[in-house]
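Content type PDB, C-alpha atoms, from the file my_file.pdb:
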```
ATOM      1  CA  MET N   1     102.129 118.016   9.707  1.00  0.00           C
ATOM      2  CA  VAL N   2     104.292 116.936  12.606  1.00  0.00           C
ATOM      3  CA  LYS N   3     104.397 113.461  14.093  1.00  0.00           C
ATOM      4  CA  TRP N   4     105.985 113.994  17.494  1.00  0.00           C
ATOM      5  CA  GLU N   5     108.761 111.644  18.556  1.00  0.00           C
ATOM      6  CA  ALA N   6     108.503 110.083  21.999  1.00  0.00           C
ATOM      7  CA  PHE N   7     110.278 111.977  24.759  1.00  0.00           C
ATOM      8  CA  LYS N   8     112.865 110.035  26.747  1.00  0.00           C
ATOM      9  CA  TYR N   9     113.842 111.052  30.251  1.00  0.00           C
ATOM     10  CA  ALA N  10     115.366 109.211  33.215  1.00  0.00           C
ATOM     11  CA  GLY N  11     114.935 105.827  31.571  1.00  0.00           C
ATOM     12  CA  CYS N  12     111.237 106.403  30.765  1.00  0.00           C
ATOM     13  CA  GLU N  13     109.646 106.958  27.387  1.00  0.00           C
ATOM     14  CA  TYR N  14     106.686 109.342  27.034  1.00  0.00           C
ATOM     15  CA  ASP N  15     104.685 108.383  23.958  1.00  0.00           C
ATOM     16  CA  LEU N  16     103.315 111.332  21.989  1.00  0.00           C
ATOM     17  CA  SER N  17     101.474 109.382  19.288  1.00  0.00           C
ATOM     18  CA  HIS N  18      98.122 110.599  20.666  1.00  0.00           C
ATOM     19  CA  LEU N  19      99.168 114.023  19.322  1.00  0.00           C
ATOM     20  CA  HIS N  20      99.921 112.838  15.794  1.00  0.00           C
ATOM     21  CA  PRO N  21      97.910 114.464  12.989  1.00  0.00           C
ATOM     22  CA  ALA N  22      94.371 113.216  12.493  1.00  0.00           C
ATOM     23  CA  ARG N  23      91.406 113.851  10.241  1.00  0.00           C
ATOM     24  CA  ILE N  24      87.992 114.448  11.794  1.00  0.00           C
ATOM     25  CA  LEU N  25      84.630 114.790  10.074  1.00  0.00           C
ATOM     26  CA  TYR N  26      82.299 117.213  11.831  1.00  0.00           C
ATOM     27  CA  THR N  27      78.630 117.023  10.868  1.00  0.00           C
ATOM     28  CA  GLN N  28      76.573 120.175  11.181  1.00  0.00           C
ATOM     29  CA  PRO N  29      72.944 119.083  11.528  1.00  0.00           C
ATOM     30  CA  ALA N  30      70.297 120.370   9.148  1.00  0.00           C
ATOM     31  CA  LYS N  31      68.515 123.429  10.502  1.00  0.00           C
ATOM     32  CA  ASP N  32      65.545 125.357   9.162  1.00  0.00           C
ATOM     33  CA  ASN N  33      66.042 125.384   5.380  1.00  0.00           C
ATOM     34  CA  LYS N  34      69.772 124.522   5.490  1.00  0.00           C
ATOM     35  CA  ALA N  35      70.861 120.978   4.708  1.00  0.00           C
ATOM     36  CA  GLU N  36      73.232 118.942   6.837  1.00  0.00           C
ATOM     37  CA  LYS N  37      76.855 119.831   6.123  1.00  0.00           C
ATOM     38  CA  ILE N  38      79.973 117.736   6.671  1.00  0.00           C
ATOM     39  CA  TYR N  39      83.286 119.462   7.353  1.00  0.00           C
ATOM     40  CA  VAL N  40      86.564 117.647   6.756  1.00  0.00           C
ATOM     41  CA  VAL N  41      89.184 118.918   9.212  1.00  0.00           C
ATOM     42  CA  ASP N  42      92.845 117.952   9.426  1.00  0.00           C
ATOM     43  CA  ILE N  43      94.052 118.322  13.007  1.00  0.00           C
ATOM     44  CA  CYS N  44      97.598 118.897  14.220  1.00  0.00           C
ATOM     45  CA  TYR N  45      98.934 119.613  17.681  1.00  0.00           C
ATOM     46  CA  GLY N  46     101.648 122.117  18.510  1.00  0.00           C
ATOM     47  CA  LEU N  47     104.668 121.843  20.765  1.00  0.00           C
ATOM     48  CA  HIS N  48     102.984 123.961  23.440  1.00  0.00           C
ATOM     49  CA  CYS N  49     100.479 121.163  24.141  1.00  0.00           C
ATOM     50  CA  PHE N  50     103.116 119.164  26.048  1.00  0.00           C
ATOM     51  CA  THR N  51     105.912 121.649  26.803  1.00  0.00           C
ATOM     52  CA  ASP N  52     106.228 124.783  28.887  1.00  0.00           C
ATOM     53  CA  VAL N  53     108.302 127.965  28.598  1.00  0.00           C
ATOM     54  CA  GLU N  54     111.711 128.034  26.995  1.00  0.00           C
ATOM     55  CA  PRO N  55     114.368 126.559  29.222  1.00  0.00           C
ATOM     56  CA  SER N  56     116.714 129.013  30.905  1.00  0.00           C
ATOM     57  CA  SER N  57     120.446 128.555  30.590  1.00  0.00           C
ATOM     58  CA  GLY N  58     120.574 126.877  34.014  1.00  0.00           C
ATOM     59  CA  SER N  59     117.637 124.520  33.451  1.00  0.00           C
ATOM     60  CA  ASN N  60     117.826 120.747  33.118  1.00  0.00           C
ATOM     61  CA  LYS N  61     119.025 120.173  29.534  1.00  0.00           C
ATOM     62  CA  ALA N  62     117.557 116.660  29.556  1.00  0.00           C
ATOM     63  CA  LEU N  63     114.048 118.184  29.628  1.00  0.00           C
ATOM     64  CA  ARG N  64     114.508 120.141  26.389  1.00  0.00           C
ATOM     65  CA  TYR N  65     112.254 119.320  23.453  1.00  0.00           C
ATOM     66  CA  SER N  66     112.488 121.128  20.116  1.00  0.00           C
ATOM     67  CA  ASP N  67     110.575 121.552  16.915  1.00  0.00           C
ATOM     68  CA  ALA N  68     111.694 123.431  13.802  1.00  0.00           C
ATOM     69  CA  ARG N  69     111.021 126.810  15.443  1.00  0.00           C
ATOM     70  CA  GLU N  70     111.869 126.649  19.137  1.00  0.00           C
ATOM     71  CA  THR N  71     113.081 124.721  22.150  1.00  0.00           C
ATOM     72  CA  ARG N  72     110.999 124.401  25.296  1.00  0.00           C
ATOM     73  CA  SER N  73     110.937 122.313  28.468  1.00  0.00           C
ATOM     74  CA  PHE N  74     108.967 119.078  28.459  1.00  0.00           C
ATOM     75  CA  SER N  75     106.103 119.475  30.953  1.00  0.00           C
ATOM     76  CA  PHE N  76     104.950 116.326  32.694  1.00  0.00           C
ATOM     77  CA  GLN N  77     101.638 118.001  33.669  1.00  0.00           C
ATOM     78  CA  ARG N  78     100.913 119.207  30.119  1.00  0.00           C
ATOM     79  CA  TYR N  79     101.872 115.787  28.802  1.00  0.00           C
ATOM     80  CA  GLU N  80      99.427 114.032  31.152  1.00  0.00           C
ATOM     81  CA  THR N  81      96.540 116.378  30.334  1.00  0.00           C
ATOM     82  CA  SER N  82      97.341 116.180  26.606  1.00  0.00           C
ATOM     83  CA  LYS N  83      96.140 112.591  26.692  1.00  0.00           C
ATOM     84  CA  VAL N  84      92.514 113.854  26.820  1.00  0.00           C
ATOM     85  CA  LEU N  85      93.115 116.488  24.132  1.00  0.00           C
ATOM     86  CA  PRO N  86      92.185 114.377  21.074  1.00  0.00           C
ATOM     87  CA  ALA N  87      88.837 113.418  22.657  1.00  0.00           C
ATOM     88  CA  ILE N  88      88.098 117.073  23.434  1.00  0.00           C
ATOM     89  CA  ILE N  89      88.989 118.128  19.876  1.00  0.00           C
ATOM     90  CA  GLN N  90      86.798 115.315  18.522  1.00  0.00           C
ATOM     91  CA  GLU N  91      83.853 117.042  20.225  1.00  0.00           C
ATOM     92  CA  LEU N  92      84.891 120.637  19.475  1.00  0.00           C
ATOM     93  CA  ASN N  93      81.643 121.167  17.579  1.00  0.00           C
ATOM     94  CA  LYS N  94      79.780 120.769  20.910  1.00  0.00           C
ATOM     95  CA  LYS N  95      81.962 123.272  22.819  1.00  0.00           C
ATOM     96  CA  ALA N  96      81.643 126.986  23.453  1.00  0.00           C
ATOM     97  CA  CYS N  97      84.422 128.504  21.323  1.00  0.00           C
ATOM     98  CA  MET N  98      85.604 132.037  22.048  1.00  0.00           C
ATOM     99  CA  HIS N  99      87.704 134.668  20.282  1.00  0.00           C
ATOM    100  CA  THR N 100      91.143 135.464  21.683  1.00  0.00           C
ATOM    101  CA  GLY N 101      91.148 138.882  20.041  1.00  0.00           C
ATOM    102  CA  HIS N 102      94.271 137.845  18.091  1.00  0.00           C
ATOM    103  CA  GLY N 103      92.652 135.952  15.206  1.00  0.00           C
ATOM    104  CA  ASN N 104      92.553 132.555  16.857  1.00  0.00           C
ATOM    105  CA  PHE N 105      90.133 130.882  19.261  1.00  0.00           C
ATOM    106  CA  PHE N 106      89.995 129.006  22.540  1.00  0.00           C
ATOM    107  CA  ILE N 107      87.821 126.801  24.674  1.00  0.00           C
ATOM    108  CA  VAL N 108      87.947 126.043  28.368  1.00  0.00           C
ATOM    109  CA  GLU N 109      87.285 122.446  29.306  1.00  0.00           C
ATOM    110  CA  ILE N 110      86.644 121.605  32.937  1.00  0.00           C
ATOM    111  CA  LEU N 111      88.603 118.563  34.044  1.00  0.00           C
ATOM    112  CA  SER N 112      88.436 116.845  37.393  1.00  0.00           C
ATOM    113  CA  GLU N 113      91.561 115.499  39.030  1.00  0.00           C
ATOM    114  CA  SER N 114      91.102 113.820  42.408  1.00  0.00           C
ATOM    115  CA  GLY N 115      87.900 115.795  42.945  1.00  0.00           C
ATOM    116  CA  VAL N 116      89.539 119.142  42.123  1.00  0.00           C
ATOM    117  CA  LYS N 117      88.116 121.020  39.138  1.00  0.00           C
ATOM    118  CA  LEU N 118      90.738 122.265  36.686  1.00  0.00           C
ATOM    119  CA  GLU N 119      90.298 124.712  33.809  1.00  0.00           C
ATOM    120  CA  TYR N 120      92.025 123.263  30.746  1.00  0.00           C
ATOM    121  CA  GLU N 121      92.574 126.065  28.236  1.00  0.00           C
ATOM    122  CA  ILE N 122      92.915 124.991  24.609  1.00  0.00           C
ATOM    123  CA  TYR N 123      93.970 127.541  21.976  1.00  0.00           C
ATOM    124  CA  PHE N 124      93.537 126.801  18.283  1.00  0.00           C
ATOM    125  CA  ASP N 125      93.504 128.303  14.835  1.00  0.00           C
ATOM    126  CA  VAL N 126      91.675 127.213  11.702  1.00  0.00           C
ATOM    127  CA  LYS N 127      92.945 127.755   8.183  1.00  0.00           C
ATOM    128  CA  LYS N 128      91.690 126.772   4.772  1.00  0.00           C
ATOM    129  CA  SER N 129      93.695 123.841   3.442  1.00  0.00           C
ATOM    130  CA  SER N 130      91.720 123.384   0.223  1.00  0.00           C
ATOM    131  CA  ALA N 131      88.229 124.181  -1.016  1.00  0.00           C
ATOM    132  CA  GLU N 132      86.728 121.384   1.104  1.00  0.00           C
ATOM    133  CA  ILE N 133      89.303 120.791   3.846  1.00  0.00           C
ATOM    134  CA  ALA N 134      90.068 122.905   6.892  1.00  0.00           C
ATOM    135  CA  HIS N 135      93.293 122.682   8.870  1.00  0.00           C
ATOM    136  CA  LEU N 136      92.934 123.046  12.641  1.00  0.00           C
ATOM    137  CA  ILE N 137      96.103 123.699  14.617  1.00  0.00           C
ATOM    138  CA  VAL N 138      95.949 123.244  18.384  1.00  0.00           C
ATOM    139  CA  ASN N 139      98.540 125.864  19.281  1.00  0.00           C
ATOM    140  CA  SER N 140      98.575 125.370  23.036  1.00  0.00           C
ATOM    141  CA  ALA N 141      96.795 123.530  25.817  1.00  0.00           C
ATOM    142  CA  PHE N 142      97.416 123.853  29.537  1.00  0.00           C
ATOM    143  CA  VAL N 143      95.744 123.837  32.925  1.00  0.00           C
ATOM    144  CA  ALA N 144      95.118 127.417  34.047  1.00  0.00           C
ATOM    145  CA  ASP N 145      97.448 128.239  36.899  1.00  0.00           C
ATOM    146  CA  GLY N 146      96.942 131.977  37.351  1.00  0.00           C
ATOM    147  CA  ARG N 147     100.133 132.939  35.468  1.00  0.00           C
ATOM    148  CA  ARG N 148      98.148 134.112  32.459  1.00  0.00           C
ATOM    149  CA  LYS N 149      95.092 136.310  32.358  1.00  0.00           C
ATOM    150  CA  ARG N 150      92.441 134.911  30.013  1.00  0.00           C
ATOM    151  CA  LYS N 151      90.396 137.526  28.174  1.00  0.00           C
ATOM    152  CA  GLN N 152      86.641 137.052  28.487  1.00  0.00           C
ATOM    153  CA  SER N 153      85.010 136.949  25.099  1.00  0.00           C
ATOM    154  CA  LYS N 154      81.761 136.279  23.317  1.00  0.00           C
ATOM    155  CA  LYS N 155      81.084 132.767  22.126  1.00  0.00           C
ATOM    156  CA  ILE N 156      81.272 131.755  18.491  1.00  0.00           C
ATOM    157  CA  SER N 157      79.985 128.539  16.968  1.00  0.00           C
ATOM    158  CA  PHE N 158      82.653 126.147  15.759  1.00  0.00           C
ATOM    159  CA  TYR N 159      80.582 125.700  12.595  1.00  0.00           C
ATOM    160  CA  ILE N 160      80.725 129.444  11.911  1.00  0.00           C
ATOM    161  CA  ILE N 161      84.502 129.322  12.284  1.00  0.00           C
ATOM    162  CA  LEU N 162      84.752 126.398   9.844  1.00  0.00           C
ATOM    163  CA  ASN N 163      82.297 127.848   7.343  1.00  0.00           C
ATOM    164  CA  ASN N 164      83.858 131.308   7.322  1.00  0.00           C
ATOM    165  CA  LYS N 165      87.404 129.989   7.005  1.00  0.00           C
ATOM    166  CA  LEU N 166      86.453 127.679   4.128  1.00  0.00           C
ATOM    167  CA  THR N 167      84.489 130.397   2.309  1.00  0.00           C
ATOM    168  CA  ASN N 168      87.087 133.140   2.935  1.00  0.00           C
ATOM    169  CA  LYS N 169      84.674 135.207   5.014  1.00  0.00           C
ATOM    170  CA  PRO N 170      86.195 137.341   7.770  1.00  0.00           C
ATOM    171  CA  ILE N 171      85.605 136.477  11.409  1.00  0.00           C
ATOM    172  CA  ASN N 172      85.529 139.718  13.296  1.00  0.00           C
ATOM    173  CA  PRO N 173      86.226 139.576  17.025  1.00  0.00           C
ATOM    174  CA  PRO N 174      83.489 141.096  19.162  1.00  0.00           C
ATOM    175  CA  LYS N 175      83.930 144.688  20.253  1.00  0.00           C
TER
END
```

Write-out of the structure in structure tokens:
Amino acid sequence: MVKWEAFKYAGCEYDLSHLHPARILYTQPAKDNKAEKIYVVDICYGLHCFTDVEPSSGSNKALRYSDARETRSFSFQRYETSKVLPAIIQELNKKACMHTGHGNFFIVEILSESGVKLEYEIYFDVKKSSAEIAHLIVNSAFVADGRRKRKQSKKISFYIILNNKLTNKPINPPK
């Protein structure tokens, strides 16, 4: 799992330690005849949480940030909003998760900036790490700006996602 190095630009350092890997325990309350269940989830955050599209050949080279797979432009807006990302992920079990139709999931968190409501889209995938541990990858997170069209989808419980991934059950997107 990646520990992101701070980004340095124009004499300033942008700390990315809030996006270092973490482990979260999610507790599914007992319901009907089912006992309480605790899920152990290792969280990691992808490059797209604080960068934007690949830089063009004429773009500012000082804004480039790379991981093992790609190079993108550091985004000051994505960086600023990423500071709330760990708190949102901590409470993912209380959010309305939705299918993307591509095997992963997303939530939309409403943020308020200077009285303006912003839709913060967070895309993630869950994989089985071991018999008892799930691995959640936050692939991307950004404020909706109209450049992308979000597909409307039916909601799915985060606990169903965790349970099905850990028990190798398929999660079929709604038709």

Under the rule of at most 10 Å, produce a per-residue listing of segment 96-153 of chain N near segment 14-22 of chain N: chain, number, name, the closest pair of atoms, and the distance in Å, as a Markdown table, using only C-alpha atoms.
```
| residue | atom | partner | partner_atom | distance |
| --- | --- | --- | --- | --- |
| N:Leu136 | CA | N:Pro21 | CA | 9.9 |
| N:Ile137 | CA | N:Pro21 | CA | 9.5 |
| N:Val138 | CA | N:Leu19 | CA | 9.8 |
```

Write out the residues from the selection above, keeping C-alpha atoms, as a JSON list (two decimals), in the coordinates of the input.
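Generated output (part_37.json):
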```
[["chain", "number", "residue", "atom", "x", "y", "z"],
["N", 136, "LEU", "CA", 92.93, 123.05, 12.64],
["N", 137, "ILE", "CA", 96.10, 123.70, 14.62],
["N", 138, "VAL", "CA", 95.95, 123.24, 18.38]]
```

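When atom CA of Ala30 of chain N is paired with atom CA of Pro86 of chain N, their separation reads 25.6 Å.
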
Residue nearest Lys165 of chain N - candidates N:Lys128, N:Lys61, N:Arg150, N:His135, atoms counted: only C-alpha atoms: N:Lys128

Atom CA of Tyr159 of chain N to atom CA of Lys31 of chain N, distance in Å rounded to a single decimal: 12.5 Å

Answer key for the PyMOL selection byres ((chain N and resi 127) around 10), residues as a PyMOL selection string: chain N and resi 41-42+104+125-126+128-130+133-137+161-162+164-166+168

Segment 173-175 of chain N surroundings by all atoms listed in the file, 10 Å radius, close-in-sequence under 2 positions cut, as a VMD selection string: chain N and resid 98 to 105 153 to 156 170 to 171

Quick one: residues within 7 Å of Tyr39 of chain N, only C-alpha atoms, excluding same-chain residues fewer than 5 positions away - as a compact mmCIF listing (two decimals) with C-alpha atoms, in the frame of the given file?
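Output contents, as saved in out_25.txt:
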```
# COMPACT_ATOMS: atom_id res chain seq x y z
CA LEU N 25 84.63 114.79 10.07
CA TYR N 26 82.30 117.21 11.83
CA THR N 27 78.63 117.02 10.87
```

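Put simply, atom CA of Ile110 of chain N is 12.0 Å away from atom CA of Ala96 of chain N.
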
Best match for closeness to Val143 of chain N among N:Ser82, N:Thr167, N:Asn33, N:Gln90, counting all atoms listed in the file: N:Ser82

Tyr9 of chain N environment, 10 Å, only C-alpha atoms, sequence neighbours closer than 5 positions dropped, as a ChimeraX atom specification: /N:14,62-64,74

Can you list, as a tab-separated table (two decimals) with C-alpha atoms, keeping the file's coordinate frame, the residues that the PyMOL selection byres ((chain N and resi 106) around 6) selects here?
```
chain	number	residue	atom	x	y	z
N	97	CYS	CA	84.42	128.50	21.32
N	98	MET	CA	85.60	132.04	22.05
N	105	PHE	CA	90.13	130.88	19.26
N	107	ILE	CA	87.82	126.80	24.67
N	122	ILE	CA	92.92	124.99	24.61
N	123	TYR	CA	93.97	127.54	21.98
N	124	PHE	CA	93.54	126.80	18.28
```

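Proximity ranking of N:Leu111, N:Ile160, N:Met1, N:Val84 relative to Phe50 of chain N places N:Val84 first, based on only C-alpha atoms.
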
Closest of N:Leu85, N:Val108, N:Ala131, N:Ala6 to Ile43 of chain N - atom-to-atom distances counting only C-alpha atoms: N:Leu85

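For the residues N:Lys94, N:Arg23, N:Lys37, N:Lys149, ranking by smallest atom-to-atom distance to Asn163 of chain N using all atoms listed in the file places N:Lys37 first.
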
Residue nearest Lys151 of chain N - candidates N:Ala87, N:Ala35, N:Gly11, N:Glu121, atoms counted: all atoms listed in the file: N:Glu121

Regenerate segment 41-66 of chain N at the level of N, CA and C atoms and dump it as a short mmCIF file (atom, residue, chain, number, x, y, z; two decimals), in the coordinates of the input.
```cif
data_model
loop_
_atom_site.label_atom_id
_atom_site.label_comp_id
_atom_site.auth_asym_id
_atom_site.auth_seq_id
_atom_site.Cartn_x
_atom_site.Cartn_y
_atom_site.Cartn_z
N VAL N 41 88.21 118.09 8.50
CA VAL N 41 89.18 118.92 9.21
C VAL N 41 90.43 118.09 9.55
N ASP N 42 91.57 118.56 9.07
CA ASP N 42 92.84 117.95 9.43
C ASP N 42 93.34 118.63 10.70
N ILE N 43 93.66 117.82 11.70
CA ILE N 43 94.05 118.32 13.01
C ILE N 43 95.55 118.10 13.21
N CYS N 44 96.23 119.10 13.75
CA CYS N 44 97.60 118.90 14.22
C CYS N 44 97.77 119.61 15.55
N TYR N 45 98.71 119.12 16.32
CA TYR N 45 98.93 119.61 17.68
C TYR N 45 100.32 120.24 17.77
N GLY N 46 100.39 121.41 18.39
CA GLY N 46 101.65 122.12 18.51
C GLY N 46 102.46 121.70 19.72
N LEU N 47 103.70 122.12 19.71
CA LEU N 47 104.67 121.84 20.76
C LEU N 47 104.19 122.31 22.14
N HIS N 48 103.43 123.39 22.17
CA HIS N 48 102.98 123.96 23.44
C HIS N 48 101.93 123.11 24.15
N CYS N 49 101.46 122.05 23.51
CA CYS N 49 100.48 121.16 24.14
C CYS N 49 101.12 120.24 25.18
N PHE N 50 102.44 120.06 25.10
CA PHE N 50 103.12 119.16 26.05
C PHE N 50 104.44 119.73 26.57
N THR N 51 104.72 120.99 26.27
CA THR N 51 105.91 121.65 26.80
C THR N 51 105.52 122.95 27.46
N ASP N 52 106.45 123.50 28.23
CA ASP N 52 106.23 124.78 28.89
C ASP N 52 107.31 125.74 28.41
N VAL N 53 107.42 126.88 29.05
CA VAL N 53 108.30 127.96 28.60
C VAL N 53 109.70 127.50 28.22
N GLU N 54 110.35 128.34 27.42
CA GLU N 54 111.71 128.03 27.00
C GLU N 54 112.61 127.79 28.19
N PRO N 55 113.47 126.81 28.10
CA PRO N 55 114.37 126.56 29.22
C PRO N 55 115.38 127.68 29.40
N SER N 56 115.69 128.01 30.64
CA SER N 56 116.71 129.01 30.90
C SER N 56 118.07 128.33 30.79
N SER N 57 119.11 129.12 30.77
CA SER N 57 120.45 128.56 30.59
C SER N 57 120.82 127.59 31.71
N GLY N 58 120.25 127.76 32.90
CA GLY N 58 120.57 126.88 34.01
C GLY N 58 119.61 125.73 34.19
N SER N 59 118.65 125.56 33.29
CA SER N 59 117.64 124.52 33.45
C SER N 59 118.19 123.15 33.05
N ASN N 60 117.45 122.13 33.41
CA ASN N 60 117.83 120.75 33.12
C ASN N 60 117.78 120.52 31.60
N LYS N 61 118.93 120.35 30.99
CA LYS N 61 119.02 120.17 29.53
C LYS N 61 118.33 118.92 29.07
N ALA N 62 118.21 117.92 29.93
CA ALA N 62 117.56 116.66 29.56
C ALA N 62 116.06 116.83 29.32
N LEU N 63 115.48 117.94 29.81
CA LEU N 63 114.05 118.18 29.63
C LEU N 63 113.74 118.96 28.34
N ARG N 64 114.73 119.33 27.60
CA ARG N 64 114.51 120.14 26.39
C ARG N 64 113.88 119.31 25.27
N TYR N 65 112.92 119.94 24.61
CA TYR N 65 112.25 119.32 23.45
C TYR N 65 112.13 120.42 22.41
N SER N 66 112.47 120.11 21.17
CA SER N 66 112.49 121.13 20.12
C SER N 66 111.64 120.72 18.93
#
```
